[in-house]
file final_15.csv (CSV, C-alpha atoms)
chain,number,residue,atom,x,y,z
A,289,GLU,CA,16.7,2.6,-2.9
A,290,LEU,CA,14.5,5.5,-1.9
A,291,THR,CA,11.2,6.3,-3.5
A,292,ILE,CA,9.5,9.6,-2.8
A,293,GLY,CA,6.2,10.7,-4.3
A,294,ALA,CA,3.2,12.9,-4.1
A,295,SER,CA,-0.4,12.8,-5.4
A,296,TYR,CA,-3.3,15.1,-5.7
A,297,LEU,CA,-6.9,13.9,-5.9
A,298,ASN,CA,-9.9,16.2,-6.3
A,299,TYR,CA,-13.3,14.7,-6.0
A,300,GLU,CA,-15.7,17.4,-7.0
A,301,ASP,CA,-19.4,17.6,-6.1
A,302,THR,CA,-19.4,14.9,-3.4
A,303,GLN,CA,-20.8,17.3,-0.8
A,304,GLY,CA,-24.6,16.8,-0.5
A,305,PHE,CA,-24.6,13.4,-2.3
A,306,GLU,CA,-25.3,9.9,-1.0
A,307,PRO,CA,-22.2,8.1,0.2
A,308,PHE,CA,-20.8,5.8,-2.5
A,309,TYR,CA,-21.0,2.5,-0.6
A,310,ASN,CA,-24.8,1.6,-0.6
A,311,GLY,CA,-25.5,4.9,1.2
A,312,GLN,CA,-23.4,4.0,4.2
A,313,ALA,CA,-20.9,6.6,5.5
A,314,GLN,CA,-18.2,4.0,6.5
A,315,GLY,CA,-16.8,6.7,8.8
A,316,ASN,CA,-17.2,9.9,6.7
A,317,SER,CA,-19.2,12.8,8.1
A,318,LEU,CA,-22.8,13.2,6.9
A,319,ASP,CA,-25.2,16.1,7.0
A,320,VAL,CA,-28.7,15.8,8.6
A,321,GLY,CA,-30.1,14.3,5.4
A,322,GLY,CA,-27.6,11.4,5.4
A,323,ASN,CA,-25.5,12.8,2.5
A,324,LEU,CA,-21.7,13.5,2.5
A,325,LEU,CA,-21.0,16.7,4.4
A,326,LEU,CA,-17.8,17.5,2.5
A,327,ASP,CA,-16.0,17.5,-0.8
A,328,TYR,CA,-12.6,15.7,-0.9
A,329,ASP,CA,-9.5,17.7,-2.2
A,330,LEU,CA,-6.6,15.4,-1.2
A,331,ILE,CA,-2.9,15.9,-1.1
A,332,GLU,CA,-0.8,12.9,-0.3
A,333,ILE,CA,3.0,12.5,0.2
A,334,PHE,CA,4.8,9.2,0.7
A,335,ALA,CA,8.2,7.7,0.9
A,336,GLN,CA,9.7,4.2,0.9
A,337,LEU,CA,13.2,3.1,1.6
A,338,GLU,CA,14.4,-0.3,0.5
A,339,THR,CA,17.7,-1.5,2.1
A,340,GLU,CA,19.1,-4.5,4.0
A,341,ALA,CA,19.3,-5.5,7.7
A,342,GLY,CA,21.0,-8.7,8.8
A,343,ASN,CA,21.6,-9.6,5.1
A,344,HIS,CA,17.9,-9.6,4.5
A,345,PRO,CA,15.7,-7.1,2.7
A,346,LEU,CA,14.1,-4.3,4.8
A,347,ARG,CA,11.4,-2.0,3.5
A,348,VAL,CA,10.4,1.1,5.5
A,349,PHE,CA,7.5,3.4,4.5
A,350,ILE,CA,5.6,6.5,5.5
A,351,ASP,CA,2.4,8.0,4.0
A,352,TYR,CA,0.5,11.1,4.8
A,353,VAL,CA,-2.8,12.4,3.4
A,354,GLU,CA,-4.8,15.6,4.1
A,355,ASN,CA,-8.3,16.6,2.9
A,356,ARG,CA,-8.1,20.4,2.2
A,357,GLU,CA,-11.9,20.6,2.2
A,358,ALA,CA,-12.2,19.6,5.9
A,359,ASN,CA,-11.4,21.6,9.0
A,360,ASP,CA,-11.6,18.6,11.5
A,361,PHE,CA,-10.7,14.9,11.1
A,362,GLU,CA,-9.0,15.8,7.9
A,363,THR,CA,-5.7,13.8,8.1
A,364,GLY,CA,-4.4,10.3,7.8
A,365,PHE,CA,-1.0,8.7,8.0
A,366,ALA,CA,0.6,5.3,8.0
A,367,PHE,CA,4.2,4.1,8.7
A,368,GLY,CA,5.7,0.7,9.0
A,369,ALA,CA,8.3,-1.8,8.0
A,370,ARG,CA,8.7,-5.3,6.4
A,371,TRP,CA,11.7,-7.5,7.1
A,372,ARG,CA,12.8,-10.4,4.9
A,373,SER,CA,11.1,-11.8,1.9
A,374,ALA,CA,8.9,-14.9,1.5
A,375,SER,CA,10.1,-15.6,-2.0
A,376,ALA,CA,11.6,-19.1,-2.0
A,377,PRO,CA,10.3,-22.3,-0.3
A,378,GLY,CA,11.1,-22.1,3.5
A,379,SER,CA,11.6,-18.4,3.5
A,380,TRP,CA,9.4,-15.9,5.5
A,381,ASP,CA,8.8,-12.3,6.2
A,382,VAL,CA,7.3,-10.2,8.9
A,383,SER,CA,5.8,-6.7,8.9
A,384,TRP,CA,4.2,-4.1,11.1
A,385,ALA,CA,2.4,-0.9,10.3
A,386,TYR,CA,0.5,1.8,12.3
A,387,GLU,CA,-2.3,3.7,10.6
A,388,ASP,CA,-4.4,6.6,11.8
A,389,LEU,CA,-7.1,7.6,9.2
A,390,GLU,CA,-9.4,10.3,10.5
A,391,ALA,CA,-13.1,10.4,9.5
A,392,ASP,CA,-12.8,12.8,6.6
A,393,ALA,CA,-9.2,12.3,5.5
A,394,VAL,CA,-10.3,10.4,2.4
A,395,ILE,CA,-13.5,8.9,0.9
A,396,ALA,CA,-14.2,5.9,3.1
A,397,THR,CA,-15.4,3.7,0.2
A,398,PHE,CA,-11.9,3.6,-1.3
A,399,THR,CA,-10.0,2.4,1.9
A,400,ASP,CA,-8.7,-1.0,3.0
A,401,SER,CA,-11.9,-3.1,3.8
A,402,ASP,CA,-10.0,-5.0,6.5
A,403,PHE,CA,-8.4,-2.3,8.5
A,404,GLY,CA,-10.9,-1.2,11.2
A,405,GLY,CA,-13.6,-3.1,9.4
A,406,GLY,CA,-13.3,-0.8,6.4
A,407,GLY,CA,-13.8,2.9,6.0
A,408,THR,CA,-12.3,5.8,7.9
A,409,ASP,CA,-12.3,6.9,11.5
A,410,SER,CA,-9.9,4.1,12.5
A,411,LYS,CA,-6.4,3.8,13.9
A,412,GLY,CA,-4.2,1.0,15.1
A,413,HIS,CA,-1.7,-1.6,14.3
A,414,VAL,CA,-1.4,-4.3,11.6
A,415,PHE,CA,0.9,-7.3,12.1
A,416,ARG,CA,1.6,-9.6,9.1
A,417,SER,CA,3.8,-12.6,8.4
A,418,THR,CA,4.2,-14.8,5.4
A,419,TYR,CA,5.8,-18.2,5.0
A,420,ALA,CA,6.6,-19.7,1.5
A,421,LEU,CA,5.5,-23.3,1.5
A,422,ARG,CA,6.4,-23.8,-2.2
A,423,ASN,CA,7.4,-21.6,-5.1
A,424,ASN,CA,3.8,-20.8,-5.8
A,425,VAL,CA,2.1,-21.3,-2.4
A,426,ARG,CA,2.2,-18.9,0.6
A,427,LEU,CA,0.7,-19.1,4.1
A,428,ASN,CA,-0.2,-15.6,5.3
A,429,GLY,CA,-1.3,-14.4,8.7
A,430,THR,CA,-2.5,-10.9,9.5
A,431,TYR,CA,-3.7,-9.4,12.8
A,432,PHE,CA,-5.5,-6.1,12.9
A,433,MET,CA,-5.5,-4.4,16.4
A,434,ASN,CA,-7.5,-1.3,15.7
A,435,GLU,CA,-9.8,1.3,17.4
A,436,THR,CA,-12.7,2.8,15.5
A,437,GLY,CA,-15.4,5.5,15.9
A,438,ALA,CA,-13.5,8.3,17.7
A,439,ALA,CA,-14.9,11.1,15.6
A,440,ALA,CA,-18.4,9.6,15.8
A,441,GLY,CA,-18.2,9.5,19.6
A,442,ASN,CA,-18.6,5.8,19.6
A,443,GLU,CA,-15.0,4.5,20.1
A,444,ARG,CA,-14.6,0.8,20.3
A,445,ASP,CA,-11.9,-1.9,19.8
A,446,TYR,CA,-11.7,-3.8,16.5
A,447,ASP,CA,-9.6,-6.9,16.3
A,448,ARG,CA,-9.4,-9.2,13.3
A,449,LEU,CA,-7.2,-12.3,12.6
A,450,GLN,CA,-6.9,-13.5,9.0
A,451,LEU,CA,-5.2,-16.7,7.9
A,452,ASP,CA,-4.8,-17.2,4.2
A,453,ILE,CA,-3.2,-19.6,1.8
A,454,SER,CA,-2.2,-17.9,-1.5
A,455,PHE,CA,-1.6,-19.8,-4.8
A,456,ARG,CA,0.1,-18.3,-7.8
A,457,PHE,CA,-0.4,-19.6,-11.3
call {"tool": "encode", "arguments": {"input": "final_15.csv", "output": "structure tokens"}}
result
Amino acid sequence: ELTIGASYLNYEDTQGFEPFYNGQAQGNSLDVGGNLLLDYDLIEIFAQLETEAGNHPLRVFIDYVENREANDFETGFAFGARWRSASAPGSWDVSWAYEDLEADAVIATFTDSDFGGGGTDSKGHVFRSTYALRNNVRLNGTYFMNETGAAAGNERDYDRLQLDISFRF
């Protein structure tokens, strides 16, 4: 099964206003007054293929976004795959993704708060695995191996390991 899509988001009048997350840029470019430097006119395209590999489900995806209001640091992309499905007790899955989200590709407030510590101006890998302990209980592990701050001239490594137990009711 192949899913292909596109989206258009236009955030008008963000330029010159305080960043949405408690006045913190979270990676977006600011003017000398500490306000957002740009508006955000986003075009996104994505695709996802669901198939099988080794008699197990395989999902492959790609996503690309561009802010048409920016001339630099305006793009973002992600691609990755998940193999198997942790759906029944004793089953598991594993996934990997690579993401590169430049500083002004999107509004930083609306990004994944775990990848790169949240915000934009981050790139790197995400490794995940899930094990189904019971029908309604999952053990999840996620490792983020990211780099942040390239556009800000303050590049640094960002690593995060998360272990979770999820319950469904």
call {"tool": "axis_aligned_box", "arguments": {"input": "final_15.csv", "around": "range 417-428 of chain A", "padding_each_side": "4 Å", "output": "AutoDock Vina command-line options"}}
result
--center_x 3.6 --center_y -18.2 --center_z 1.3 --size_x 15.6 --size_y 19.2 --size_z 22.2
call {"tool": "residues_around", "arguments": {"input": "final_15.csv", "residues": "Arg356 in chain A", "least_positions_apart": "3", "cutoff": "12 Å", "atoms": "only C-alpha atoms", "output": "PyMOL selection string"}}
result
chain A and resi 296-299+326-332+353+359-363+392-394
call {"tool": "residues_around", "arguments": {"input": "final_15.csv", "residues": "Tyr386 in chain A", "least_positions_apart": "4", "cutoff": "9 Å", "atoms": "all atoms listed in the file", "output": "PyMOL selection string"}}
result
chain A and resi 365-368+411-414
call {"tool": "atom_distance", "arguments": {"input": "final_15.csv", "atom1": "CA of Gly405 in chain A", "atom2": "CA of Arg444 in chain A"}}
result
11.6 Å
call {"tool": "residues_around", "arguments": {"input": "final_15.csv", "residues": "Leu325 in chain A", "least_positions_apart": "4", "cutoff": "7 Å", "atoms": "all atoms listed in the file", "output": "PyMOL selection string"}}
result
chain A and resi 303-304+317-319
call {"tool": "residues_around", "arguments": {"input": "final_15.csv", "residues": "Asp445 in chain A", "least_positions_apart": "3", "cutoff": "9 Å", "atoms": "all atoms listed in the file", "output": "count of residues only"}}
result
5
call {"tool": "build_atoms", "arguments": {"input": "final_15.csv", "residues": "range 314-328 of chain A", "atoms": "N, CA, C and O atoms", "output": "mmCIF file, keeping the file's coordinate frame"}}
result
data_model
loop_
_atom_site.group_PDB
_atom_site.id
_atom_site.type_symbol
_atom_site.label_atom_id
_atom_site.label_comp_id
_atom_site.auth_asym_id
_atom_site.auth_seq_id
_atom_site.Cartn_x
_atom_site.Cartn_y
_atom_site.Cartn_z
ATOM 1 N N GLN A 314 -19.482 4.751 6.244
ATOM 2 C CA GLN A 314 -18.200 4.000 6.500
ATOM 3 C C GLN A 314 -17.211 4.904 7.242
ATOM 4 O O GLN A 314 -16.021 4.745 7.057
ATOM 5 N N GLY A 315 -17.690 5.882 8.022
ATOM 6 C CA GLY A 315 -16.800 6.700 8.800
ATOM 7 C C GLY A 315 -16.819 8.199 8.372
ATOM 8 O O GLY A 315 -16.502 9.075 9.166
ATOM 9 N N ASN A 316 -17.143 8.508 7.116
ATOM 10 C CA ASN A 316 -17.200 9.900 6.700
ATOM 11 C C ASN A 316 -18.332 10.644 7.352
ATOM 12 O O ASN A 316 -19.343 10.062 7.742
ATOM 13 N N SER A 317 -18.163 11.962 7.480
ATOM 14 C CA SER A 317 -19.200 12.800 8.100
ATOM 15 C C SER A 317 -20.349 13.028 7.143
ATOM 16 O O SER A 317 -20.157 13.233 5.943
ATOM 17 N N LEU A 318 -21.554 12.983 7.709
ATOM 18 C CA LEU A 318 -22.800 13.200 6.900
ATOM 19 C C LEU A 318 -23.539 14.390 7.414
ATOM 20 O O LEU A 318 -23.440 14.774 8.582
ATOM 21 N N ASP A 319 -24.359 14.974 6.537
ATOM 22 C CA ASP A 319 -25.200 16.100 7.000
ATOM 23 C C ASP A 319 -26.525 15.460 7.536
ATOM 24 O O ASP A 319 -26.670 14.230 7.599
ATOM 25 N N VAL A 320 -27.469 16.293 7.930
ATOM 26 C CA VAL A 320 -28.700 15.800 8.600
ATOM 27 C C VAL A 320 -29.536 14.946 7.636
ATOM 28 O O VAL A 320 -30.346 14.135 8.076
ATOM 29 N N GLY A 321 -29.350 15.092 6.332
ATOM 30 C CA GLY A 321 -30.100 14.300 5.400
ATOM 31 C C GLY A 321 -29.424 12.966 5.028
ATOM 32 O O GLY A 321 -29.910 12.216 4.191
ATOM 33 N N GLY A 322 -28.270 12.675 5.652
ATOM 34 C CA GLY A 322 -27.600 11.400 5.400
ATOM 35 C C GLY A 322 -26.666 11.463 4.179
ATOM 36 O O GLY A 322 -26.217 10.427 3.696
ATOM 37 N N ASN A 323 -26.371 12.666 3.689
ATOM 38 C CA ASN A 323 -25.500 12.800 2.500
ATOM 39 C C ASN A 323 -24.097 13.273 3.004
ATOM 40 O O ASN A 323 -23.939 13.777 4.128
ATOM 41 N N LEU A 324 -23.097 13.103 2.133
ATOM 42 C CA LEU A 324 -21.700 13.500 2.500
ATOM 43 C C LEU A 324 -21.685 14.976 2.833
ATOM 44 O O LEU A 324 -22.213 15.819 2.110
ATOM 45 N N LEU A 325 -21.038 15.293 3.931
ATOM 46 C CA LEU A 325 -21.000 16.700 4.400
ATOM 47 C C LEU A 325 -19.928 17.482 3.663
ATOM 48 O O LEU A 325 -20.050 18.696 3.579
ATOM 49 N N LEU A 326 -18.924 16.817 3.070
ATOM 50 C CA LEU A 326 -17.800 17.500 2.500
ATOM 51 C C LEU A 326 -17.465 17.073 1.069
ATOM 52 O O LEU A 326 -17.857 15.982 0.649
ATOM 53 N N ASP A 327 -16.684 17.895 0.384
ATOM 54 C CA ASP A 327 -16.000 17.500 -0.800
ATOM 55 C C ASP A 327 -14.620 16.934 -0.368
ATOM 56 O O ASP A 327 -14.233 17.084 0.797
ATOM 57 N N TYR A 328 -13.875 16.335 -1.289
ATOM 58 C CA TYR A 328 -12.600 15.700 -0.900
ATOM 59 C C TYR A 328 -11.522 16.214 -1.917
ATOM 60 O O TYR A 328 -11.514 15.849 -3.087
#
